[in-house]
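Asks: My structure file run_3.cif, mmCIF, C-alpha atoms, is below:
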data_final
#
loop_
_atom_site.label_atom_id
_atom_site.label_comp_id
_atom_site.auth_asym_id
_atom_site.auth_seq_id
_atom_site.Cartn_x
_atom_site.Cartn_y
_atom_site.Cartn_z
CA MET A 1 37.47 63.72 39.01
CA GLU A 2 39.40 60.55 39.49
CA THR A 3 43.12 60.76 39.73
CA LYS A 4 45.16 59.07 37.10
CA PRO A 5 45.63 55.38 37.92
CA SER A 6 49.05 54.40 39.08
CA TYR A 7 51.31 52.06 37.20
CA GLU A 8 50.58 49.29 39.74
CA GLU A 9 46.84 49.75 39.35
CA LEU A 10 47.12 49.51 35.57
CA ALA A 11 49.35 46.45 35.82
CA GLY A 12 46.80 44.87 38.18
CA LYS A 13 43.93 45.56 35.77
CA LEU A 14 45.95 44.14 32.93
CA ALA A 15 46.68 41.01 34.95
CA GLU A 16 42.96 40.73 35.70
CA LEU A 17 42.10 41.05 32.01
CA GLU A 18 44.72 38.49 31.10
CA GLU A 19 43.18 36.19 33.65
CA VAL A 20 39.75 36.68 32.09
CA PHE A 21 41.11 35.96 28.60
CA ARG A 22 42.95 32.89 29.83
CA ALA A 23 39.74 31.61 31.40
CA LEU A 24 37.80 32.34 28.22
CA ARG A 25 40.42 30.67 26.09
CA SER A 26 40.57 27.61 28.30
CA GLN A 27 36.78 27.49 28.19
CA GLU A 28 36.48 27.32 31.93
CA VAL A 29 33.73 29.91 31.82
CA ASP A 30 29.98 29.43 32.10
CA ALA A 31 28.61 32.89 31.59
CA VAL A 32 29.48 36.45 30.65
CA VAL A 33 27.83 39.17 32.70
CA GLY A 34 26.59 42.01 30.58
CA THR A 35 25.09 45.30 31.70
CA LYS A 36 21.56 44.07 31.12
CA SER A 37 21.71 40.28 31.33
CA VAL A 38 23.89 37.24 31.60
CA PHE A 39 25.01 35.32 28.52
CA MET A 40 25.43 31.61 29.03
CA LEU A 41 28.48 30.10 27.38
CA ARG A 42 27.92 26.43 26.87
CA LEU A 43 30.56 26.26 24.19
CA ARG A 44 31.71 22.71 24.57
CA GLU A 45 28.24 21.37 25.13
CA THR A 46 26.98 23.29 22.16
CA GLU A 47 29.84 22.05 20.03
CA ASP A 48 29.20 18.49 21.15
CA ALA A 49 25.51 18.89 20.48
CA ILE A 50 26.22 20.30 17.03
CA LYS A 51 28.65 17.47 16.30
CA LYS A 52 26.10 14.91 17.45
CA GLN A 53 23.37 16.49 15.36
CA ARG A 54 25.66 16.60 12.39
CA THR A 55 26.52 12.92 12.77
CA ALA A 56 22.84 12.07 13.17
CA LEU A 57 21.99 14.12 10.09
CA GLU A 58 24.74 12.48 8.09
CA GLU A 59 23.48 9.06 9.14
CA LEU A 60 19.96 10.07 8.24
CA LEU A 61 21.17 11.30 4.87
CA ALA A 62 23.01 8.05 4.23
CA GLU A 63 19.93 6.09 5.29
CA ARG A 64 17.78 8.20 2.96
CA GLY A 65 20.24 7.54 0.19
CA ARG A 66 20.03 3.81 0.79
CA LEU A 67 16.22 3.95 0.89
CA LEU A 68 16.18 5.92 -2.34
CA GLU A 69 18.44 3.35 -3.98
CA ASP A 70 16.17 0.57 -2.73
CA ALA A 71 13.07 2.35 -3.98
CA LYS A 72 14.69 2.92 -7.36
CA ALA A 73 15.68 -0.74 -7.61
CA ARG A 74 12.18 -1.81 -6.63
CA GLN A 75 10.63 0.56 -9.12
CA ALA A 76 12.87 -0.76 -11.86
CA ALA A 77 11.88 -4.32 -10.94
CA LEU A 78 8.19 -3.35 -10.98
CA GLU A 79 8.60 -1.69 -14.35
CA ARG A 80 10.27 -4.79 -15.70
CA GLN A 81 7.43 -6.90 -14.34
CA ALA A 82 4.82 -4.55 -15.80
CA ALA A 83 6.51 -4.72 -19.20
CA GLN A 84 6.62 -8.50 -18.94
CA LEU A 85 2.94 -8.65 -18.00
CA GLN A 86 2.07 -6.36 -20.88
CA ARG A 87 3.99 -8.61 -23.25
CA LYS A 88 2.25 -11.69 -21.83
CA SER A 89 -1.13 -9.99 -22.08
CA ARG A 90 -0.48 -9.09 -25.72
CA GLU A 91 0.64 -12.64 -26.45
CA LEU A 92 -2.46 -14.02 -24.77
CA GLU A 93 -4.69 -11.67 -26.72
CA GLU A 94 -3.06 -12.70 -29.97
CA ALA A 95 -3.33 -16.37 -29.02
CA ASN A 96 -6.99 -15.86 -28.11
CA THR A 97 -7.77 -14.17 -31.40
CA GLU A 98 -5.94 -16.88 -33.29
CA LEU A 99 -7.81 -19.55 -31.37
CA GLN A 100 -11.13 -17.89 -32.11
CA GLN A 101 -10.29 -17.70 -35.76
CA PHE A 102 -9.11 -21.26 -35.71
CA ALA A 103 -12.32 -22.44 -34.04
CA TYR A 104 -14.35 -20.50 -36.56
CA VAL A 105 -12.46 -21.73 -39.61
CA ALA A 106 -12.22 -25.28 -38.32
CA SER A 107 -15.92 -25.59 -37.49
CA HIS A 108 -16.81 -23.92 -40.74
CA ASP A 109 -14.62 -26.28 -42.73
CA LEU A 110 -15.84 -29.30 -40.78
CA ARG A 111 -19.40 -28.65 -41.86
CA GLU A 112 -18.71 -29.45 -45.47
CA PRO A 113 -17.36 -33.00 -45.07
CA LEU A 114 -20.00 -33.63 -42.43
CA ARG A 115 -22.71 -32.65 -44.85
CA MET A 116 -21.14 -35.09 -47.28
CA ILE A 117 -21.23 -37.92 -44.74
CA ALA A 118 -24.84 -37.11 -43.90
CA GLY A 119 -25.83 -36.92 -47.54
CA PHE A 120 -24.17 -40.13 -48.61
CA THR A 121 -25.45 -41.99 -45.56
CA GLN A 122 -28.97 -40.92 -46.50
CA SER A 123 -28.35 -41.98 -50.11
CA LEU A 124 -27.10 -45.31 -48.82
CA GLU A 125 -30.23 -45.76 -46.74
CA LYS A 126 -32.55 -44.85 -49.63
CA ARG A 127 -30.76 -46.74 -52.39
CA TYR A 128 -30.23 -49.98 -50.48
CA ARG A 129 -33.46 -50.02 -48.47
CA GLY A 130 -34.62 -53.60 -48.18
CA THR A 131 -31.32 -55.12 -49.33
CA LEU A 132 -29.45 -54.42 -46.09
CA ASP A 133 -29.96 -56.46 -42.93
CA THR A 134 -31.13 -55.09 -39.55
CA THR A 135 -27.60 -54.63 -38.22
CA ALA A 136 -26.60 -52.51 -41.22
CA ASN A 137 -29.74 -50.39 -40.80
CA GLU A 138 -28.89 -49.97 -37.12
CA TYR A 139 -25.37 -48.84 -38.01
CA ILE A 140 -26.75 -46.37 -40.49
CA ALA A 141 -29.05 -44.98 -37.80
CA PHE A 142 -26.02 -44.58 -35.49
CA ILE A 143 -24.15 -42.72 -38.21
CA VAL A 144 -27.11 -40.38 -38.81
CA ASP A 145 -27.45 -39.72 -35.10
CA GLY A 146 -23.71 -39.09 -34.72
CA VAL A 147 -23.71 -36.72 -37.66
CA ALA A 148 -26.65 -34.79 -36.21
CA ARG A 149 -24.88 -34.47 -32.85
CA MET A 150 -21.68 -33.35 -34.52
CA GLN A 151 -23.62 -30.79 -36.53
CA ASP A 152 -25.12 -29.37 -33.32
CA LEU A 153 -21.69 -29.28 -31.72
CA ILE A 154 -20.15 -27.50 -34.69
CA ASP A 155 -23.02 -25.01 -34.74
CA ASP A 156 -22.44 -24.25 -31.09
CA ILE A 157 -18.69 -23.91 -31.52
CA LEU A 158 -19.33 -21.55 -34.40
CA ALA A 159 -21.78 -19.59 -32.27
CA TYR A 160 -19.23 -19.40 -29.45
CA SER A 161 -16.43 -18.19 -31.70
CA ARG A 162 -18.77 -15.70 -33.37
CA VAL A 163 -19.62 -13.95 -30.09
CA GLY A 164 -16.40 -11.96 -30.34
CA THR A 165 -15.95 -11.85 -34.11
CA ARG A 166 -19.47 -11.40 -35.43
CA GLY A 167 -20.97 -9.12 -32.76
CA VAL A 168 -22.71 -6.02 -34.07
CA PRO A 169 -22.41 -2.56 -32.46
CA PHE A 170 -24.80 -2.05 -29.55
CA GLU A 171 -28.19 -0.53 -30.21
CA PRO A 172 -31.37 -0.14 -28.15
CA VAL A 173 -32.90 -3.58 -27.63
CA GLY A 174 -36.42 -4.01 -26.27
CA MET A 175 -36.02 -7.08 -24.11
CA GLU A 176 -39.79 -7.79 -24.16
CA ASP A 177 -39.69 -8.06 -27.96
CA ALA A 178 -36.54 -10.16 -27.74
CA LEU A 179 -38.31 -12.51 -25.32
CA GLN A 180 -41.36 -12.79 -27.61
CA ASN A 181 -39.09 -13.74 -30.54
CA VAL A 182 -37.37 -16.34 -28.38
CA LEU A 183 -40.74 -17.83 -27.37
CA VAL A 184 -41.64 -18.14 -31.03
CA ASN A 185 -38.34 -19.93 -31.70
CA LEU A 186 -38.99 -22.28 -28.79
CA LYS A 187 -42.65 -22.83 -29.64
CA THR A 188 -42.23 -26.55 -30.33
CA SER A 189 -40.44 -27.47 -27.12
CA ILE A 190 -42.80 -25.26 -25.09
CA GLU A 191 -45.77 -27.09 -26.49
CA GLU A 192 -44.14 -30.50 -26.09
CA THR A 193 -43.43 -29.95 -22.41
CA ALA A 194 -46.58 -27.90 -21.68
CA ALA A 195 -44.30 -25.20 -20.31
CA THR A 196 -45.58 -21.86 -18.98
CA VAL A 197 -43.35 -18.84 -19.56
CA THR A 198 -44.32 -15.56 -17.88
CA HIS A 199 -42.44 -12.32 -17.43
CA GLY A 200 -42.44 -9.03 -15.55
CA PRO A 201 -41.80 -5.67 -17.19
CA LEU A 202 -38.54 -5.80 -19.19
CA PRO A 203 -36.50 -2.71 -20.12
CA VAL A 204 -34.95 -1.42 -23.32
CA ILE A 205 -31.14 -1.72 -23.07
CA GLN A 206 -28.08 -0.94 -25.16
CA ALA A 207 -26.91 -4.29 -26.49
CA ASP A 208 -26.37 -6.59 -29.42
CA PRO A 209 -29.96 -7.62 -30.32
CA VAL A 210 -29.11 -11.03 -31.77
CA GLN A 211 -26.89 -11.91 -28.83
CA MET A 212 -29.53 -10.84 -26.29
CA MET A 213 -31.96 -13.22 -27.95
CA GLN A 214 -29.29 -15.93 -27.85
CA VAL A 215 -28.85 -15.43 -24.10
CA LEU A 216 -32.58 -15.53 -23.37
CA GLN A 217 -33.04 -18.53 -25.64
CA ASN A 218 -30.17 -20.43 -24.01
CA LEU A 219 -31.47 -19.82 -20.50
CA ILE A 220 -35.11 -20.55 -21.30
CA SER A 221 -34.36 -23.67 -23.35
CA ASN A 222 -32.19 -24.90 -20.45
CA ALA A 223 -35.06 -24.25 -18.07
CA ILE A 224 -37.36 -26.28 -20.31
CA LYS A 225 -34.81 -29.02 -20.87
CA PHE A 226 -33.97 -29.55 -17.20
CA HIS A 227 -37.53 -29.81 -15.91
CA ARG A 228 -38.53 -32.29 -13.23
CA ALA A 229 -40.27 -35.47 -14.40
CA GLY A 230 -44.02 -35.05 -14.04
CA ALA A 231 -43.84 -31.31 -13.43
CA PRO A 232 -44.37 -29.12 -16.50
CA PRO A 233 -41.80 -26.27 -16.65
CA VAL A 234 -42.94 -22.97 -15.07
CA ILE A 235 -40.55 -20.20 -16.07
CA HIS A 236 -40.61 -16.56 -15.00
CA VAL A 237 -38.42 -13.83 -16.50
CA THR A 238 -37.87 -10.57 -14.56
CA ALA A 239 -35.57 -7.56 -14.63
CA GLY A 240 -34.54 -5.12 -11.91
CA LEU A 241 -32.25 -2.11 -11.71
CA GLU A 242 -29.40 -2.77 -9.24
CA GLY A 243 -26.55 -0.30 -8.76
CA GLY A 244 -26.48 1.09 -12.31
CA GLU A 245 -27.06 -2.19 -14.11
CA TRP A 246 -30.05 -4.25 -15.15
CA VAL A 247 -30.17 -7.68 -13.59
CA PHE A 248 -32.27 -10.15 -15.58
CA SER A 249 -33.44 -13.32 -13.90
CA VAL A 250 -34.81 -16.52 -15.42
CA GLN A 251 -36.46 -18.61 -12.73
CA ASP A 252 -37.59 -22.20 -13.22
CA ASN A 253 -39.07 -25.07 -11.21
CA GLY A 254 -36.68 -27.64 -12.66
CA ILE A 255 -34.31 -30.23 -11.24
CA GLY A 256 -31.95 -27.63 -9.77
CA ILE A 257 -28.18 -27.72 -9.44
CA ALA A 258 -26.04 -28.62 -6.43
CA PRO A 259 -24.03 -25.58 -5.28
CA GLU A 260 -20.71 -27.44 -5.60
CA LEU A 261 -21.34 -27.70 -9.35
CA PHE A 262 -21.95 -23.97 -9.91
CA GLY A 263 -18.30 -23.36 -10.81
CA ARG A 264 -18.33 -25.86 -13.69
CA LEU A 265 -21.57 -24.59 -15.16
CA PHE A 266 -20.21 -21.84 -17.37
CA THR A 267 -17.15 -23.69 -18.63
CA LEU A 268 -16.73 -24.85 -22.22
CA PHE A 269 -17.98 -28.44 -22.87
CA GLN A 270 -18.81 -28.98 -19.20
CA ARG A 271 -21.83 -31.17 -18.92
CA LEU A 272 -23.34 -32.05 -15.58
CA HIS A 273 -25.40 -34.84 -17.12
CA THR A 274 -24.81 -37.50 -19.72
CA ARG A 275 -25.92 -36.80 -23.26
CA GLU A 276 -28.43 -39.65 -22.93
CA GLN A 277 -30.13 -37.89 -20.00
CA TYR A 278 -30.13 -34.42 -21.49
CA PRO A 279 -29.00 -33.67 -25.06
CA GLY A 280 -26.79 -30.72 -25.91
CA SER A 281 -23.20 -29.79 -26.67
CA GLY A 282 -22.36 -28.34 -23.23
CA LEU A 283 -21.65 -24.99 -24.84
CA GLY A 284 -24.87 -23.08 -24.14
CA LEU A 285 -23.89 -21.48 -20.84
CA ALA A 286 -20.32 -20.85 -22.03
CA ILE A 287 -21.76 -18.90 -24.98
CA THR A 288 -24.13 -17.06 -22.61
CA LYS A 289 -21.23 -16.13 -20.36
CA LYS A 290 -19.15 -14.90 -23.29
CA ILE A 291 -21.98 -12.76 -24.64
CA VAL A 292 -22.77 -11.22 -21.26
CA GLY A 293 -19.03 -10.64 -20.73
CA ARG A 294 -18.87 -8.79 -24.04
CA HIS A 295 -21.64 -6.54 -22.66
CA GLY A 296 -19.67 -5.85 -19.49
CA GLY A 297 -21.92 -7.97 -17.31
CA ARG A 298 -21.85 -11.20 -15.31
CA VAL A 299 -23.82 -14.45 -15.21
CA TRP A 300 -24.52 -16.30 -12.00
CA VAL A 301 -26.94 -18.83 -10.63
CA GLU A 302 -28.94 -19.58 -7.52
CA SER A 303 -30.37 -23.03 -7.16
CA GLU A 304 -31.70 -25.68 -4.84
CA PRO A 305 -31.64 -29.26 -6.11
CA GLY A 306 -35.19 -30.53 -6.57
CA LYS A 307 -36.74 -27.08 -6.27
CA GLY A 308 -35.50 -25.14 -9.27
CA SER A 309 -32.86 -22.69 -10.44
CA THR A 310 -32.65 -18.97 -11.13
CA PHE A 311 -30.08 -17.76 -13.63
CA HIS A 312 -29.18 -14.08 -13.44
CA PHE A 313 -27.27 -11.92 -15.86
CA SER A 314 -26.43 -8.24 -15.64
CA ILE A 315 -26.15 -5.66 -18.41
CA ALA A 316 -25.03 -2.09 -17.81
CA ALA A 317 -27.94 0.37 -17.75
CA GLY A 318 -27.71 3.79 -19.42
CA SER A 319 -25.74 4.37 -22.61
CA GLY A 320 -23.77 1.12 -22.34
CA ARG A 321 -20.45 0.20 -23.82
CA ASP A 322 -19.85 0.04 -27.53
CA GLY A 323 -19.29 -3.64 -28.16
CA ASN A 324 -16.73 -3.11 -30.88
CA ALA A 325 -13.94 -3.09 -28.32
CA ASP A 326 -13.39 -6.85 -28.38
CA GLN A 327 -13.85 -7.45 -32.05
CA MET B 1 50.31 15.80 49.40
CA LYS B 2 53.69 17.21 50.28
CA ALA B 3 52.86 20.91 49.82
CA SER B 4 49.81 20.70 52.05
CA ASP B 5 51.82 19.10 54.84
CA ASP B 6 54.22 22.03 54.78
CA LEU B 7 51.53 24.69 54.50
CA ALA B 8 48.86 23.42 56.85
CA PRO B 9 50.35 24.78 60.12
CA VAL B 10 50.91 28.24 58.66
CA ALA B 11 47.40 28.42 57.31
CA GLN B 12 45.78 27.24 60.52
CA ALA B 13 47.29 30.12 62.40
CA GLY B 14 46.33 32.81 59.87
CA PRO B 15 43.42 35.31 59.61
CA ILE B 16 39.79 34.66 58.59
CA TYR B 17 39.33 34.42 54.81
CA VAL B 18 36.25 35.87 53.18
CA LEU B 19 35.82 34.40 49.67
CA LYS B 20 33.14 35.45 47.23
CA LEU B 21 32.38 32.93 44.49
CA TYR B 22 30.48 34.18 41.47
CA VAL B 23 28.64 31.36 39.72
CA ALA B 24 26.05 30.92 36.99
CA GLY B 25 23.44 28.68 38.59
CA ALA B 26 24.34 25.02 38.42
CA GLU B 27 26.31 25.24 35.20
CA GLN B 28 29.08 22.73 34.77
CA HIS B 29 32.07 25.04 35.33
CA SER B 30 30.41 26.80 38.24
CA ARG B 31 29.82 23.43 39.88
CA LEU B 32 33.48 22.49 39.37
CA ALA B 33 34.63 25.82 40.81
CA ARG B 34 32.39 25.33 43.85
CA GLU B 35 33.77 21.85 44.47
CA ASN B 36 37.38 22.92 43.98
CA LEU B 37 37.00 25.89 46.33
CA GLN B 38 35.33 23.74 48.97
CA SER B 39 38.17 21.24 48.78
CA ILE B 40 40.82 23.99 49.10
CA CYS B 41 39.03 25.51 52.09
CA ASP B 42 38.64 22.14 53.74
CA GLU B 43 42.30 21.46 53.36
CA TYR B 44 43.98 24.83 53.96
CA LEU B 45 41.48 27.05 55.72
CA LYS B 46 39.73 24.74 58.14
CA ASP B 47 37.35 26.72 60.36
CA ARG B 48 38.55 30.13 59.22
CA CYS B 49 36.99 30.45 55.81
CA ARG B 50 33.70 32.06 54.87
CA ILE B 51 32.42 31.45 51.36
CA VAL B 52 29.77 33.80 49.95
CA GLU B 53 28.19 32.63 46.76
CA VAL B 54 26.73 35.05 44.24
CA ASP B 55 24.61 33.58 41.49
CA VAL B 56 24.78 35.99 38.54
CA LEU B 57 21.61 34.47 37.10
CA THR B 58 19.60 35.88 40.00
CA ASP B 59 21.87 38.81 40.94
CA PHE B 60 24.08 40.15 38.21
CA ALA B 61 24.02 43.71 39.55
CA THR B 62 26.44 42.73 42.36
CA ALA B 63 28.77 41.14 39.79
CA LEU B 64 28.72 44.30 37.70
CA GLN B 65 29.43 46.44 40.75
CA GLU B 66 32.39 44.27 41.63
CA ARG B 67 33.48 44.34 37.96
CA ILE B 68 33.10 40.59 37.60
CA PHE B 69 32.31 39.93 33.95
CA VAL B 70 32.64 36.18 33.65
CA THR B 71 31.73 33.23 35.85
CA PRO B 72 32.89 31.21 37.60
CA ALA B 73 35.08 33.79 39.35
CA LEU B 74 36.50 33.83 42.84
CA VAL B 75 37.24 37.05 44.71
CA LEU B 76 39.35 37.07 47.84
CA GLU B 77 37.64 39.82 49.84
CA GLN B 78 39.49 39.39 53.11
CA PRO B 79 42.32 39.65 53.96
CA GLU B 80 43.23 42.59 51.71
CA PRO B 81 44.41 43.11 49.03
CA ARG B 82 41.54 41.95 46.88
CA VAL B 83 42.40 39.23 44.32
CA THR B 84 40.27 37.75 41.53
CA VAL B 85 40.68 34.26 40.04
CA VAL B 86 38.61 33.33 37.02
CA GLY B 87 37.80 29.77 35.95
CA THR B 88 37.07 26.42 37.49
CA LEU B 89 39.86 26.74 40.07
CA GLY B 90 41.18 23.42 38.86
CA ASP B 91 44.82 24.54 38.83
CA ARG B 92 45.28 24.23 42.57
CA GLY B 93 48.84 25.55 42.67
CA LYS B 94 47.86 28.73 40.91
CA VAL B 95 44.79 29.25 43.09
CA LEU B 96 46.84 28.73 46.24
CA SER B 97 49.43 31.28 45.17
CA ALA B 98 46.70 33.76 44.22
CA LEU B 99 45.15 33.31 47.66
CA ARG B 100 48.61 33.72 49.12
CA LEU B 101 48.43 30.28 50.68
CA GLY B 102 51.42 29.00 48.75
CA ILE B 103 54.95 30.21 48.59
#
How does this structure look as structure tokens?
Replies:
Amino acid sequence: METKPSYEELAGKLAELEEVFRALRSQEVDAVVGTKSVFMLRLRETEDAIKKQRTALEELLAERGRLLEDAKARQAALERQAAQLQRKSRELEEANTELQQFAYVASHDLREPLRMIAGFTQSLEKRYRGTLDTTANEYIAFIVDGVARMQDLIDDILAYSRVGTRGVPFEPVGMEDALQNVLVNLKTSIEETAATVTHGPLPVIQADPVQMMQVLQNLISNAIKFHRAGAPPVIHVTAGLEGGEWVFSVQDNGIGIAPELFGRLFTLFQRLHTREQYPGSGLGLAITKKIVGRHGGRVWVESEPGKGSTFHFSIAAGSGRDGNADQ
Amino acid sequence: MKASDDLAPVAQAGPIYVLKLYVAGAEQHSRLARENLQSICDEYLKDRCRIVEVDVLTDFATALQERIFVTPALVLEQPEPRVTVVGTLGDRGKVLSALRLGI
């Protein structure tokens, strides 16, 4: 057994302990030795590290806050823009509808007075035949010609405005039958030009039957109209399935079109030739484009001047869209 | 330093000092303690001072035996009586008086 420690020994131990506490308090200590291991005391470093991390985190938080504010502001701006675009789009739609109606009403109403001009000019010609001089007869011929041209133009404008307003719901359309009907309609000009029209197998598609005939008739009558002098038109109609849609092609051996003019082809009233060279209102391809657009498809052309042109248009295969959407 | 001028002759004539320094590897305070002790020895115990270093990270059994619980800690082993100083030994006056090198 140990003897009881003396007063001096106790005082010494106490002094030692005090020393240890002082060192701990003043943080001059690195490690505490335990019975099984050593505990490192990196108090100040740890505190500094914690402080640094805290500052970094606070900065990060502030940065995040700023980013969030920015994102919110941007989102608000985008929403405003979207609303604006929606408004614009609605306005445009309304304007478009109005314009279509206007074109329809105007062309419809123009027909009546035109008919009157035509009628009275004819009466004039009949009633005063022989009493008028050559110049007057010439003038009357000009008037008759002008009236005929204006009638064509009005018919085409009416046709164009009717694409959206008078379209019927889509139904199965046998394109071979449609083509045969078109060839009957074009019988005269085919015979006049000694044209040959052939075709490959054509499918049954979901479409507006009248409008499909209009498209085929426009493209084929163009092919006949723009034939090369001395070369009777040879026209071939084909169809092929490409990526879920039918692509119809009307190939001719006509005068062709320079590539730089392709862009103007499908625009309203754009004529590449003078009326004297080739008659027509300049609306045919615009109507074609509008019809095909109503069917969710596209129209495009490949051509080499002097060799011929191929006009393509695509129509969705399968069930197809219901065309009422743009009415 | 005025104190060192007064003390130097006394110290030079004294006995050999055996000092045991308990450190924790190369930790900051242990490094300071080592430097401070070296500087005291160089100044007051030239050629009659033996420093034994005990690293508690590799040998904490010795520290436990000697009842050293924190590092850095300096133990004056020789001459007797044994004295312990804990900390970085930065308070030179206090260390000197503990080592009985001051007055």
Asks: On this structure, the PyMOL selection byres ((chain B) within 12 of (chain A)) would catch which residues? List them as JSON, numbers by chain, sorted by chain and number.
Replies: {"B": [22, 23, 24, 25, 26, 27, 28, 29, 30, 31, 32, 33, 55, 56, 57, 58, 59, 60, 61, 62, 63, 64, 65, 66, 67, 68, 69, 70, 71, 72, 73, 74, 75, 81, 82, 83, 84, 85, 86, 87, 88, 89, 90, 91, 94, 95, 98]}
Asks: For stretch 112-127 of chain A, I'd like the enclosing box, axis-aligned and padded by 5 Å on every side, reported as AutoDock Vina command-line options with centre and edge lengths in Å to one decimal.
Replies:
--center_x -25.0 --center_y -38.1 --center_z -47.4 --size_x 25.2 --size_y 27.3 --size_z 20.0
Asks: Check what the PyMOL selection byres ((chain A and resi 172) around 6) selects in the file above and give those residues as a VMD selection string.
Replies: chain A and resid 171 173 205 to 206
Asks: Would you compute the distance between atom CA of A:Asn222 and atom CA of A:Gly284? Give it in Å to one decimal.
Replies: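 Computing the Euclidean distance for atom CA of A:Asn222 and atom CA of A:Gly284 yields 8.4 Å.
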Asks: Rank nothing, just name the residue among A:Ser314, A:Asn96, A:Gln217, A:Gln86 nearest to A:Val299, using all atoms listed in the file.
Replies: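 For A:Val299, the nearest of the candidates is A:Ser314.
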